[in-house]
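Data file: data15.pdb. Format and content: PDB, C-alpha atoms.
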```pdb
ATOM      1  CA  MET A  73     -98.179-205.186 -40.537
ATOM      2  CA  THR A  74     -94.648-204.369 -39.428
ATOM      3  CA  ILE A  75     -92.405-202.054 -41.385
ATOM      4  CA  GLN A  76     -88.795-201.815 -40.288
ATOM      5  CA  THR A  77     -86.908-198.618 -40.938
ATOM      6  CA  PRO A  78     -83.118-198.875 -41.117
ATOM      7  CA  ALA A  79     -82.571-195.278 -40.075
ATOM      8  CA  ILE A  80     -83.803-195.956 -36.530
ATOM      9  CA  ALA A  81     -82.211-198.537 -34.289
ATOM     10  CA  PRO A  82     -84.625-200.840 -32.426
ATOM     11  CA  ASP A  83     -83.931-199.557 -28.925
ATOM     12  CA  GLU A  84     -83.335-195.908 -29.806
ATOM     13  CA  PRO A  85     -86.009-193.179 -29.715
ATOM     14  CA  PHE A  86     -87.221-191.520 -32.867
ATOM     15  CA  PRO A  87     -85.312-188.354 -33.742
ATOM     16  CA  ASP A  88     -87.032-185.115 -32.792
ATOM     17  CA  GLU A  89     -85.689-183.040 -35.669
ATOM     18  CA  PRO A  90     -84.917-183.977 -39.280
ATOM     19  CA  GLY A  91     -81.352-183.524 -40.431
ATOM     20  CA  PRO A  92     -80.259-180.822 -42.865
ATOM     21  CA  ASN A  93     -80.014-183.367 -45.681
ATOM     22  CA  GLU A  94     -83.103-185.557 -45.811
ATOM     23  CA  THR A  95     -82.628-189.212 -46.667
ATOM     24  CA  VAL A  96     -84.934-191.754 -48.243
ATOM     25  CA  SER A  97     -86.177-192.892 -44.820
ATOM     26  CA  ASP A  98     -87.457-189.370 -44.039
ATOM     27  CA  HIS A  99     -90.115-189.929 -46.693
ATOM     28  CA  PHE A 100     -91.308-193.186 -45.119
ATOM     29  CA  ALA A 101     -93.430-193.691 -42.022
ATOM     30  CA  ALA A 102     -91.560-195.361 -39.157
ATOM     31  CA  ILE A 103     -93.416-198.211 -37.467
ATOM     32  CA  GLN A 104     -91.744-200.383 -34.842
ATOM     33  CA  GLU A 105     -93.281-203.439 -33.203
ATOM     34  CA  PHE A 106     -92.783-204.101 -29.514
ATOM     35  CA  GLY A 107     -91.240-207.490 -28.864
ATOM     36  CA  SER A 108     -89.482-207.768 -32.242
ATOM     37  CA  ASP A 109     -88.212-204.363 -33.426
ATOM     38  CA  LEU A 110     -88.191-203.296 -29.772
ATOM     39  CA  PRO A 111     -87.327-206.540 -27.935
ATOM     40  CA  ALA A 112     -87.058-204.883 -24.529
ATOM     41  CA  GLU A 113     -90.792-204.112 -24.470
ATOM     42  CA  ARG A 114     -93.622-206.627 -24.341
ATOM     43  CA  PRO A 115     -96.475-206.088 -26.835
ATOM     44  CA  GLY A 116    -100.177-206.553 -26.271
ATOM     45  CA  ARG A 117    -100.295-205.771 -22.561
ATOM     46  CA  VAL A 118    -103.637-203.993 -22.980
ATOM     47  CA  LEU A 119    -105.041-205.529 -26.166
ATOM     48  CA  ASN A 120    -104.878-209.217 -25.275
ATOM     49  CA  TRP A 121    -107.555-211.904 -25.246
ATOM     50  CA  PHE A 122    -107.921-211.948 -21.471
ATOM     51  CA  ARG A 123    -108.511-208.229 -21.192
ATOM     52  CA  GLN A 124    -110.850-208.236 -24.186
ATOM     53  CA  ILE A 125    -112.996-210.925 -22.561
ATOM     54  CA  VAL A 126    -112.916-209.106 -19.216
ATOM     55  CA  THR A 127    -113.936-205.869 -20.949
ATOM     56  CA  LEU A 128    -116.810-207.594 -22.758
ATOM     57  CA  LEU A 129    -118.023-209.163 -19.516
ATOM     58  CA  GLY A 130    -117.682-205.818 -17.769
ATOM     59  CA  ILE A 131    -119.777-204.053 -20.386
ATOM     60  CA  THR A 132    -122.417-206.791 -20.143
ATOM     61  CA  VAL A 133    -122.534-206.627 -16.338
ATOM     62  CA  PHE A 134    -122.550-202.831 -16.354
ATOM     63  CA  HIS A 135    -125.504-202.471 -18.722
ATOM     64  CA  GLY A 136    -127.226-205.513 -17.238
ATOM     65  CA  THR A 137    -127.050-203.951 -13.775
ATOM     66  CA  LEU A 138    -128.432-200.650 -15.002
ATOM     67  CA  ALA A 139    -131.250-202.436 -16.824
ATOM     68  CA  PHE A 140    -132.035-204.542 -13.725
ATOM     69  CA  ILE A 141    -132.233-201.480 -11.459
ATOM     70  CA  ALA A 142    -134.470-199.636 -13.910
ATOM     71  CA  SER A 143    -136.714-202.717 -14.293
ATOM     72  CA  MET A 144    -137.074-203.177 -10.528
ATOM     73  CA  CYS A 145    -137.992-199.518 -10.102
ATOM     74  CA  PHE A 146    -140.568-199.882 -12.874
ATOM     75  CA  ILE A 147    -142.073-202.971 -11.207
ATOM     76  CA  VAL A 148    -142.298-201.169  -7.857
ATOM     77  CA  THR A 149    -143.984-198.226  -9.554
ATOM     78  CA  VAL A 150    -146.521-200.446 -11.347
ATOM     79  CA  ARG A 151    -147.264-202.331  -8.141
ATOM     80  CA  PHE A 152    -147.867-199.091  -6.245
ATOM     81  CA  VAL A 153    -150.166-197.643  -8.918
ATOM     82  CA  PHE A 154    -152.255-200.710  -9.771
ATOM     83  CA  PHE A 155    -152.001-203.151  -6.880
ATOM     84  CA  SER A 156    -151.862-201.065  -3.708
ATOM     85  CA  SER A 157    -155.180-200.736  -1.912
ATOM     86  CA  ARG A 158    -153.797-198.675   0.956
ATOM     87  CA  VAL A 159    -151.284-195.883   0.609
ATOM     88  CA  ASP A 160    -149.131-194.946   3.594
ATOM     89  CA  ALA A 161    -146.140-192.670   3.997
ATOM     90  CA  TYR A 162    -143.668-195.514   3.452
ATOM     91  CA  GLY A 163    -145.386-196.602   0.236
ATOM     92  CA  THR A 164    -145.492-193.053  -1.069
ATOM     93  CA  LEU A 165    -141.798-192.566  -0.304
ATOM     94  CA  LEU A 166    -140.970-195.864  -2.026
ATOM     95  CA  PHE A 167    -142.996-194.852  -5.061
ATOM     96  CA  VAL A 168    -141.327-191.454  -5.395
ATOM     97  CA  GLY A 169    -137.883-192.994  -4.896
ATOM     98  CA  SER A 170    -138.552-195.666  -7.518
ATOM     99  CA  VAL A 171    -139.683-193.099 -10.065
ATOM    100  CA  ILE A 172    -136.635-190.868  -9.493
ATOM    101  CA  VAL A 173    -134.015-193.633  -9.345
ATOM    102  CA  GLY A 174    -135.512-195.634 -12.198
ATOM    103  CA  GLY A 175    -135.838-192.560 -14.377
ATOM    104  CA  LEU A 176    -132.256-191.426 -13.752
ATOM    105  CA  VAL A 177    -130.807-194.898 -14.329
ATOM    106  CA  ALA A 178    -132.798-195.407 -17.518
ATOM    107  CA  LEU A 179    -131.837-191.938 -18.795
ATOM    108  CA  THR A 180    -128.149-192.573 -18.019
ATOM    109  CA  GLN A 181    -128.132-195.902 -19.812
ATOM    110  CA  LEU A 182    -130.011-194.506 -22.806
ATOM    111  CA  THR A 183    -127.551-191.587 -23.003
ATOM    112  CA  ILE A 184    -124.538-193.917 -22.961
ATOM    113  CA  VAL A 185    -125.988-196.296 -25.552
ATOM    114  CA  CYS A 186    -127.059-193.510 -27.922
ATOM    115  CA  ARG A 187    -123.977-191.290 -27.544
ATOM    116  CA  TYR A 188    -120.928-193.452 -26.851
ATOM    117  CA  GLU A 189    -121.526-197.019 -25.777
ATOM    118  CA  GLU A 190    -117.866-197.707 -24.902
ATOM    119  CA  TYR A 191    -118.110-195.401 -21.879
ATOM    120  CA  PRO A 192    -116.711-195.843 -19.214
ATOM    121  CA  PHE A 193    -114.540-198.833 -20.195
ATOM    122  CA  HIS A 194    -112.443-196.883 -22.698
ATOM    123  CA  LEU A 195    -111.242-194.800 -19.741
ATOM    124  CA  LEU A 196    -110.037-197.965 -18.008
ATOM    125  CA  LEU A 197    -108.095-198.975 -21.124
ATOM    126  CA  ALA A 198    -106.560-195.500 -21.314
ATOM    127  CA  ARG A 199    -105.497-195.788 -17.684
ATOM    128  CA  ARG A 200    -103.960-199.203 -18.304
ATOM    129  CA  LEU A 201    -101.980-198.031 -21.348
ATOM    130  CA  ARG A 202    -100.850-194.969 -19.396
ATOM    131  CA  ARG A 203     -99.315-197.288 -16.801
ATOM    132  CA  VAL A 204     -97.643-199.407 -19.481
ATOM    133  CA  ILE A 205     -96.066-196.345 -21.113
ATOM    134  CA  ALA A 206     -94.898-195.000 -17.754
ATOM    135  CA  VAL A 207     -92.411-197.874 -17.323
ATOM    136  CA  ARG A 208     -90.956-197.655 -20.847
ATOM    137  CA  SER A 209     -87.522-196.155 -21.265
ATOM    138  CA  ASN A 210     -87.983-193.933 -24.335
ATOM    139  CA  PRO A 211     -91.651-193.478 -25.296
ATOM    140  CA  VAL A 212     -92.203-191.019 -28.147
ATOM    141  CA  VAL A 213     -95.452-189.869 -26.531
ATOM    142  CA  ARG A 214     -96.256-189.634 -22.839
ATOM    143  CA  PRO A 215     -99.889-189.271 -21.758
ATOM    144  CA  SER A 216     -98.879-186.149 -19.821
ATOM    145  CA  ASP A 217     -97.581-184.423 -22.981
ATOM    146  CA  ASP A 218     -99.403-181.300 -24.066
ATOM    147  CA  GLY A 219    -102.040-182.261 -26.632
ATOM    148  CA  ALA A 220    -101.645-186.032 -26.156
ATOM    149  CA  ARG A 221    -104.883-187.966 -26.685
ATOM    150  CA  PHE A 222    -105.915-191.602 -26.305
ATOM    151  CA  CYS A 223    -106.981-193.164 -29.622
ATOM    152  CA  GLU A 224    -107.606-196.469 -31.335
ATOM    153  CA  ILE A 225    -106.546-197.609 -34.797
ATOM    154  CA  VAL A 226    -109.471-199.369 -36.472
ATOM    155  CA  PRO A 227    -108.662-200.883 -39.909
ATOM    156  CA  GLN A 228    -111.459-200.589 -42.454
ATOM    157  CA  GLU A 229    -111.716-204.360 -42.870
ATOM    158  CA  ARG A 230    -112.886-204.555 -39.240
ATOM    159  CA  TRP A 231    -115.619-201.942 -39.496
ATOM    160  CA  ASN A 232    -118.277-204.482 -40.503
ATOM    161  CA  ARG A 233    -116.997-207.472 -38.532
ATOM    162  CA  LEU A 234    -118.359-208.523 -35.161
ATOM    163  CA  ARG A 235    -115.314-208.855 -32.907
ATOM    164  CA  LEU A 236    -114.420-208.613 -29.236
ATOM    165  CA  GLU A 237    -112.227-205.621 -30.121
ATOM    166  CA  THR A 238    -112.239-203.800 -33.444
ATOM    167  CA  ALA A 239    -109.023-201.874 -32.749
ATOM    168  CA  SER A 240    -105.729-203.207 -34.079
ATOM    169  CA  ASP A 241    -103.845-201.000 -31.613
ATOM    170  CA  LEU A 242    -104.472-198.540 -28.802
ATOM    171  CA  VAL A 243    -102.236-195.478 -28.865
ATOM    172  CA  TRP A 244    -101.479-192.172 -27.219
ATOM    173  CA  VAL A 245    -101.179-189.613 -30.026
ATOM    174  CA  ARG A 246     -99.509-186.236 -30.350
ATOM    175  CA  VAL A 247     -99.471-184.067 -33.489
ATOM    176  CA  ASP A 248     -96.835-181.339 -33.856
ATOM    177  CA  GLU A 249     -94.735-179.672 -36.549
ATOM    178  CA  ASN A 250     -92.483-182.751 -36.719
ATOM    179  CA  GLY A 251     -95.308-185.115 -37.603
ATOM    180  CA  VAL A 252     -97.691-187.552 -35.949
ATOM    181  CA  TRP A 253     -96.236-189.428 -32.981
ATOM    182  CA  MET A 254     -97.980-192.481 -31.516
ATOM    183  CA  GLU A 255     -96.974-194.681 -28.596
ATOM    184  CA  GLY A 256     -99.143-197.771 -28.778
ATOM    185  CA  ASP A 257     -99.764-201.016 -27.016
ATOM    186  CA  ARG A 258     -98.331-203.054 -29.897
ATOM    187  CA  HIS A 259     -96.402-200.560 -32.046
ATOM    188  CA  ARG A 260     -94.539-197.279 -31.914
ATOM    189  CA  TYR A 261     -95.238-194.904 -34.808
ATOM    190  CA  HIS A 262     -93.810-191.739 -36.286
ATOM    191  CA  PHE A 263     -95.280-190.214 -39.430
ATOM    192  CA  GLY A 264     -92.936-187.418 -40.462
ATOM    193  CA  PRO A 265     -94.373-184.539 -42.512
ATOM    194  CA  ASN A 266     -92.671-185.835 -45.675
ATOM    195  CA  SER A 267     -94.284-189.254 -45.243
ATOM    196  CA  ILE A 268     -97.831-187.960 -44.698
ATOM    197  CA  LEU A 269     -99.823-187.873 -47.936
ATOM    198  CA  GLY A 270    -102.849-186.318 -46.258
ATOM    199  CA  ALA A 271    -105.881-187.015 -44.084
ATOM    200  CA  ILE A 272    -109.629-187.112 -44.641
ATOM    201  CA  PRO A 273    -112.587-187.598 -42.271
ATOM    202  CA  GLN A 274    -114.823-190.668 -42.343
ATOM    203  CA  SER A 275    -117.579-191.947 -40.073
ATOM    204  CA  PHE A 276    -118.855-195.478 -39.575
ATOM    205  CA  THR A 277    -120.947-197.613 -37.248
ATOM    206  CA  PRO A 278    -119.091-200.776 -36.195
ATOM    207  CA  ALA A 279    -120.840-204.131 -36.471
ATOM    208  CA  GLY A 280    -122.939-204.804 -33.393
ATOM    209  CA  GLY A 281    -122.675-201.199 -32.276
ATOM    210  CA  TRP A 282    -125.188-198.396 -31.868
ATOM    211  CA  THR A 283    -123.121-195.245 -32.001
ATOM    212  CA  GLN A 284    -121.210-193.808 -34.937
ATOM    213  CA  LEU A 285    -117.436-193.528 -34.734
ATOM    214  CA  HIS A 286    -115.567-190.693 -36.414
ATOM    215  CA  ALA A 287    -112.175-191.589 -37.862
ATOM    216  CA  ALA A 288    -109.344-189.477 -39.204
ATOM    217  CA  MET A 289    -108.029-191.454 -42.172
ATOM    218  CA  ILE A 290    -104.290-190.769 -42.241
ATOM    219  CA  TYR A 291    -102.516-191.729 -45.467
ATOM    220  CA  VAL A 292     -98.762-192.222 -45.254
ATOM    221  CA  ARG A 293     -95.969-193.437 -47.510
ATOM    222  CA  THR A 294     -94.209-196.566 -46.270
ATOM    223  CA  ALA A 295     -91.385-198.666 -47.675
ATOM    224  CA  ASP A 296     -94.043-201.096 -48.954
ATOM    225  CA  GLY A 297     -96.267-198.437 -50.499
ATOM    226  CA  PRO A 298     -99.045-196.122 -49.265
ATOM    227  CA  GLU A 299    -100.935-197.198 -46.153
ATOM    228  CA  GLU A 300    -103.936-195.801 -44.320
ATOM    229  CA  PHE A 301    -104.411-195.537 -40.570
ATOM    230  CA  PRO A 302    -107.975-194.824 -39.385
ATOM    231  CA  LEU A 303    -107.499-193.024 -36.068
ATOM    232  CA  VAL A 304    -110.446-192.637 -33.669
ATOM    233  CA  TYR A 305    -110.390-190.602 -30.458
ATOM    234  CA  ARG A 306    -111.323-192.790 -27.513
ATOM    235  CA  ASP A 307    -110.938-190.646 -24.396
ATOM    236  CA  PHE A 308    -114.216-188.720 -24.296
ATOM    237  CA  GLN A 309    -115.622-187.675 -20.953
ATOM    238  CA  PHE A 310    -119.317-188.070 -20.163
ATOM    239  CA  ALA A 311    -120.045-184.391 -20.834
ATOM    240  CA  ASN A 312    -118.717-184.344 -24.425
ATOM    241  CA  MET A 313    -119.801-187.706 -25.796
ATOM    242  CA  LYS A 314    -122.292-186.322 -28.306
ATOM    243  CA  SER A 315    -121.651-187.354 -31.884
ATOM    244  CA  ALA A 316    -121.389-183.720 -32.996
ATOM    245  CA  ASP A 317    -118.728-182.998 -30.365
ATOM    246  CA  ARG A 318    -116.715-186.069 -31.293
ATOM    247  CA  ARG A 319    -116.981-185.194 -34.990
ATOM    248  CA  ARG A 320    -115.682-181.667 -34.371
ATOM    249  CA  GLN A 321    -112.679-182.997 -32.489
ATOM    250  CA  ARG A 322    -111.978-185.473 -35.288
ATOM    251  CA  ASP A 323    -112.165-182.666 -37.855
ATOM    252  CA  ALA A 324    -109.701-180.595 -35.842
ATOM    253  CA  MET A 325    -107.242-183.501 -35.889
ATOM    254  CA  VAL A 326    -107.661-183.899 -39.661
ATOM    255  CA  ASP A 327    -106.961-180.194 -40.189
ATOM    256  CA  ALA A 328    -103.875-180.310 -37.959
ATOM    257  CA  ILE A 329    -102.466-183.276 -39.894
ATOM    258  CA  CYS A 330    -103.202-181.732 -43.302
ATOM    259  CA  GLU A 331    -101.388-178.561 -42.264
ATOM    260  CA  ILE A 332     -98.106-180.436 -41.727
ATOM    261  CA  ALA A 333     -98.505-183.039 -44.515
ATOM    262  CA  ARG A 334     -95.915-182.632 -47.259
ATOM    263  CA  GLY A 335     -95.775-186.155 -48.624
ATOM    264  CA  SER A 336     -97.904-185.387 -51.675
ATOM    265  CA  GLU A 337     -95.561-182.623 -52.785
ATOM    266  CA  TYR A 338     -92.469-183.313 -54.857
ATOM    267  CA  GLU A 339     -89.414-182.846 -52.670
ATOM    268  CA  PRO A 340     -85.846-183.839 -53.598
ATOM    269  CA  ILE A 341     -84.591-186.979 -51.898
ATOM    270  CA  SER A 342     -80.958-187.112 -50.842
ATOM    271  CA  VAL A 343     -79.781-190.539 -51.913
ATOM    272  CA  PRO A 344     -76.893-191.951 -49.819
ATOM    273  CA  GLY A 345     -73.734-192.235 -51.933
ATOM    274  CA  LEU A 346     -74.632-189.400 -54.304
ATOM    275  CA  SER A 347     -71.565-187.173 -53.817
ATOM    276  CA  ASN A 348     -71.663-185.186 -57.053
ATOM    277  CA  GLU A 349     -72.795-181.786 -55.806
ATOM    278  CA  ALA A 350     -73.383-180.450 -59.325
ATOM    279  CA  HIS A 351     -75.621-183.400 -60.137
ATOM    280  CA  LEU A 352     -77.372-183.057 -56.792
ATOM    281  CA  SER A 353     -78.126-179.382 -57.394
ATOM    282  CA  VAL A 354     -79.643-180.203 -60.781
ATOM    283  CA  VAL A 355     -81.845-182.879 -59.229
ATOM    284  CA  GLN A 356     -83.003-180.506 -56.513
ATOM    285  CA  ALA A 357     -83.829-177.813 -59.058
ATOM    286  CA  ASN A 358     -86.109-180.041 -61.126
ATOM    287  CA  ASP A 359     -89.811-180.319 -60.363
ATOM    288  CA  ASN A 360     -91.790-183.498 -60.826
ATOM    289  CA  PRO A 361     -94.589-182.791 -63.353
ATOM    290  CA  TYR A 362     -96.421-185.969 -62.280
ATOM    291  CA  ALA A 363     -96.533-185.158 -58.562
ATOM    292  CA  PRO A 364    -100.062-185.032 -57.128
ATOM    293  CA  PRO A 365    -101.220-181.774 -55.577
ATOM    294  CA  ARG A 366    -100.905-181.274 -51.857
ATOM    295  CA  MET A 367    -103.832-182.717 -49.906
ATOM    296  CA  THR A 368    -106.058-180.305 -48.075
ATOM    297  CA  SER A 369    -108.638-180.791 -45.367
ATOM    298  CA  ASN A 370    -112.043-182.091 -46.444
ATOM    299  CA  THR A 371    -113.780-181.478 -43.147
ATOM    300  CA  GLY A 372    -115.405-178.236 -44.217
ATOM    301  CA  VAL A 373    -114.377-176.647 -40.917
TER     302      VAL A 373
END
```
Please, can you express the file's structure as structure tokens?
Amino acid sequence: MTIQTPAIAPDEPFPDEPGPNETVSDHFAAIQEFGSDLPAERPGRVLNWFRQIVTLLGITVFHGTLAFIASMCFIVTVRFVFFSSRVDAYGTLLFVGSVIVGGLVALTQLTIVCRYEEYPFHLLLARRLRRVIAVRSNPVVRPSDDGARFCEIVPQERWNRLRLETASDLVWVRVDENGVWMEGDRHRYHFGPNSILGAIPQSFTPAGGWTQLHAAMIYVRTADGPEEFPLVYRDFQFANMKSADRRRQRDAMVDAICEIARGSEYEPISVPGLSNEAHLSVVQANDNPYAPPRMTSNTGV
């Protein structure tokens, strides 16, 4: 879904600081699509059919190779134990090597499948998107920025569908006092504090998958109504792929977003054309009795 925001020109970067008088657009999330809203940039350079098929084949070959090596080592071990009448130094060395190599390969594959089955191909996608962003003129997030992380946006309707790629977009994300900034493969996003209604944690296992993914459900106000963006970290190294580690990092992101979210509070909106200062001061002094309370973190951290 594409939402155009009139306050931001297609080829101009998002503003870093809100103005002294907030306008209606400050309360809406800004989402720009590459190729249409940003015609100078091509969309889908990472998330395209060719790369999805290549990634699927790569995952198949990768796990198939590991399984083949482990199986061959197992066969050599069985042959040595049950079908070798004479044992020499070469046979003993081959047996020991088969046990060690086969055990390590099997343990590595089991660890990847049980902890984070997208390893190491998510790192290749992150590298590809990093190169795409490097040639853009005004990205709102650069992978080298402090706190920038590689994530995927996975809509809820895709959680239970078997697809080549469940993500609707791959993004580099940064969260600061001015909101959530995301430079993606298909879209550029900015969720200002006044547009963020809140965030909650959710976990799910995608169709056809083994490992659980932990998403930060970000709720924002758009020109077309509230929208949710399930954001999942996707740049885990081998050492911190455990589900508990990934969940803790997700919870930290949820807390950081809830700390800056002000969209669920009533705040006066400066309407363009309203020049009566007396009237404006009265509007700003009134509170909205129907405004929902401010969202807080539900992570329990």
Fill in: Explicit residues for the PyMOL selection byres ((chain A and resi 275) around 10) (as a list in words)
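For this structure, the PyMOL selection byres ((chain A and resi 275) around 10) captures Pro273, Gln274, Phe276, Thr277, Pro278, Gln284, Leu285, His286, Ala287, Ala288, Met289, Val304, Arg319 and Arg322 of chain A.
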Keeping only C-alpha atoms, write the selected residues as a PDB file, in the coordinates of the input.
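Writing done, so here's out_26.pdb:
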```pdb
ATOM      1  CA  PRO A 273    -112.587-187.598 -42.271  1.00  0.00           C
ATOM      2  CA  GLN A 274    -114.823-190.668 -42.343  1.00  0.00           C
ATOM      3  CA  PHE A 276    -118.855-195.478 -39.575  1.00  0.00           C
ATOM      4  CA  THR A 277    -120.947-197.613 -37.248  1.00  0.00           C
ATOM      5  CA  PRO A 278    -119.091-200.776 -36.195  1.00  0.00           C
ATOM      6  CA  GLN A 284    -121.210-193.808 -34.937  1.00  0.00           C
ATOM      7  CA  LEU A 285    -117.436-193.528 -34.734  1.00  0.00           C
ATOM      8  CA  HIS A 286    -115.567-190.693 -36.414  1.00  0.00           C
ATOM      9  CA  ALA A 287    -112.175-191.589 -37.862  1.00  0.00           C
ATOM     10  CA  ALA A 288    -109.344-189.477 -39.204  1.00  0.00           C
ATOM     11  CA  MET A 289    -108.029-191.454 -42.172  1.00  0.00           C
ATOM     12  CA  VAL A 304    -110.446-192.637 -33.669  1.00  0.00           C
ATOM     13  CA  ARG A 319    -116.981-185.194 -34.990  1.00  0.00           C
ATOM     14  CA  ARG A 322    -111.978-185.473 -35.288  1.00  0.00           C
TER      15      ARG A 322
END
```
Practice prompt. Determine the nearest neighbour of Asn250 in chain A from the options A:Val292, A:Ile329, A:Ala271, A:Leu166, counting only C-alpha atoms.
Written response: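 That would be A:Ile329, the residue with the smallest distance to Asn250 in chain A.
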Worksheet entry | For Ile147 in chain A, the nearest of the candidates A:Phe167, A:Tyr261, A:Phe301, A:Phe134, counting only C-alpha atoms |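 Checking each of A:Phe167, A:Tyr261, A:Phe301, A:Phe134 against Ile147 in chain A, counting only C-alpha atoms, the winner is A:Phe167.
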Item to complete: Pull out every residue that the PyMOL selection byres ((chain A and resi 246) around 10) matches in the shown coordinates and put them as a ChimeraX atom specification.
Response: /A:212-215,217-222,243-245,247-248,251-255,262,325
Worksheet entry | Explicit residue set for the PyMOL selection byres ((chain A and resi 112-129) around 12), as JSON, numbers by chain | {"A": [82, 83, 84, 104, 105, 106, 107, 108, 109, 110, 111, 130, 131, 132, 133, 134, 135, 136, 137, 189, 190, 191, 192, 193, 194, 195, 196, 197, 198, 199, 200, 201, 202, 203, 204, 205, 207, 208, 209, 210, 211, 224, 225, 235, 236, 237, 238, 239, 240, 241, 242, 243, 255, 256, 257, 258, 259, 260]}
Discussion item. What does the structure give for the distance between CA of Arg233 in chain A and CA of Ile290 in chain A, in Å to one decimal?
Written reply: 21.3 Å
Discussion item. I'd like to know which of A:Ala328, A:Val153, A:Ala279, A:Leu269 is closest to Arg293 in chain A, using all atoms listed in the file.
Written reply: A:Leu269
Discussion item. One decimal, in Å: what's the spacing between CA of Leu182 in chain A and CA of Gln228 in chain A?
Written reply: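 One can read the CA of Leu182 in chain A to CA of Gln228 in chain A distance as 27.7 Å.
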Item to complete: Just the residues within 9 Å of Arg187 in chain A, please, counting all atoms listed in the file, with nothing from its chain fewer than 4 positions along; format it as a ChimeraX atom specification.
Response: /A:182-183,282-284,313-315
Worksheet item: Hey, can you check how far CA of Tyr305 in chain A sits from CA of Phe263 in chain A?
Response: 17.6 Å
Fill in: Best match for closeness to Gln309 in chain A among A:Ile184, A:Gly281, A:Ala206, A:Ile272, counting all atoms listed in the file
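For Gln309 in chain A, the nearest of the candidates is A:Ile184.
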How big is the axis-aligned box around the listed atoms of range 202-208 of chain A once 8 Å is added on each side, and where is its centre? Give both in Å to one decimal, as lines of an AutoDock Vina configuration file.
```
center_x = -95.9
center_y = -197.2
center_z = -19.0
size_x = 25.9
size_y = 20.4
size_z = 20.3
```
Worksheet item: Of the candidates A:Ala139, A:Gly163, A:Gly169, A:Gly335, which shows the shortest atom-to-atom distance to Gln181 in chain A, using all atoms listed in the file?
Response: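 Using all atoms listed in the file, Gln181 in chain A sits closest to A:Ala139.
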Item to complete: Counting only C-alpha atoms, figure out which residue out of A:Gly270, A:Phe100, A:Asp307, A:Val185 gets nearest to Asp327 in chain A.
Response: A:Gly270
Item to complete: Write out as a VMD selection string which residues come within 9 Å of Cys145 in chain A when counting all atoms listed in the file, dropping same-chain ones fewer than 6 positions away.
Response: chain A and resid 167 169 to 175
Starting from the block above, write range 143-155 of chain A out to a file with N, CA and C atoms, as a compact mmCIF listing (two decimals), in the first residue's frame, please.
```
# COMPACT_ATOMS: atom_id res chain seq x y z
N SER A 143 25.65 -37.50 5.99
CA SER A 143 25.25 -38.87 5.62
C SER A 143 26.45 -39.70 5.18
N MET A 144 27.34 -39.12 4.38
CA MET A 144 28.52 -39.85 3.94
C MET A 144 29.42 -40.22 5.12
N CYS A 145 29.57 -39.30 6.07
CA CYS A 145 30.37 -39.61 7.25
C CYS A 145 29.72 -40.73 8.06
N PHE A 146 28.40 -40.72 8.14
CA PHE A 146 27.69 -41.77 8.86
C PHE A 146 27.88 -43.12 8.17
N ILE A 147 27.82 -43.14 6.84
CA ILE A 147 28.00 -44.39 6.09
C ILE A 147 29.41 -44.93 6.30
N VAL A 148 30.41 -44.03 6.25
CA VAL A 148 31.79 -44.47 6.47
C VAL A 148 31.95 -45.04 7.88
N THR A 149 31.32 -44.41 8.85
CA THR A 149 31.41 -44.89 10.22
C THR A 149 30.77 -46.27 10.37
N VAL A 150 29.58 -46.44 9.78
CA VAL A 150 28.89 -47.74 9.85
C VAL A 150 29.71 -48.83 9.16
N ARG A 151 30.29 -48.48 8.01
CA ARG A 151 31.10 -49.47 7.29
C ARG A 151 32.31 -49.89 8.11
N PHE A 152 32.94 -48.94 8.77
CA PHE A 152 34.12 -49.25 9.58
C PHE A 152 33.75 -50.15 10.76
N VAL A 153 32.62 -49.87 11.40
CA VAL A 153 32.25 -50.60 12.62
C VAL A 153 31.75 -52.00 12.31
N PHE A 154 30.94 -52.14 11.25
CA PHE A 154 30.26 -53.42 11.01
C PHE A 154 30.82 -54.24 9.85
N PHE A 155 31.55 -53.61 8.95
CA PHE A 155 31.95 -54.34 7.75
C PHE A 155 33.45 -54.34 7.50
```
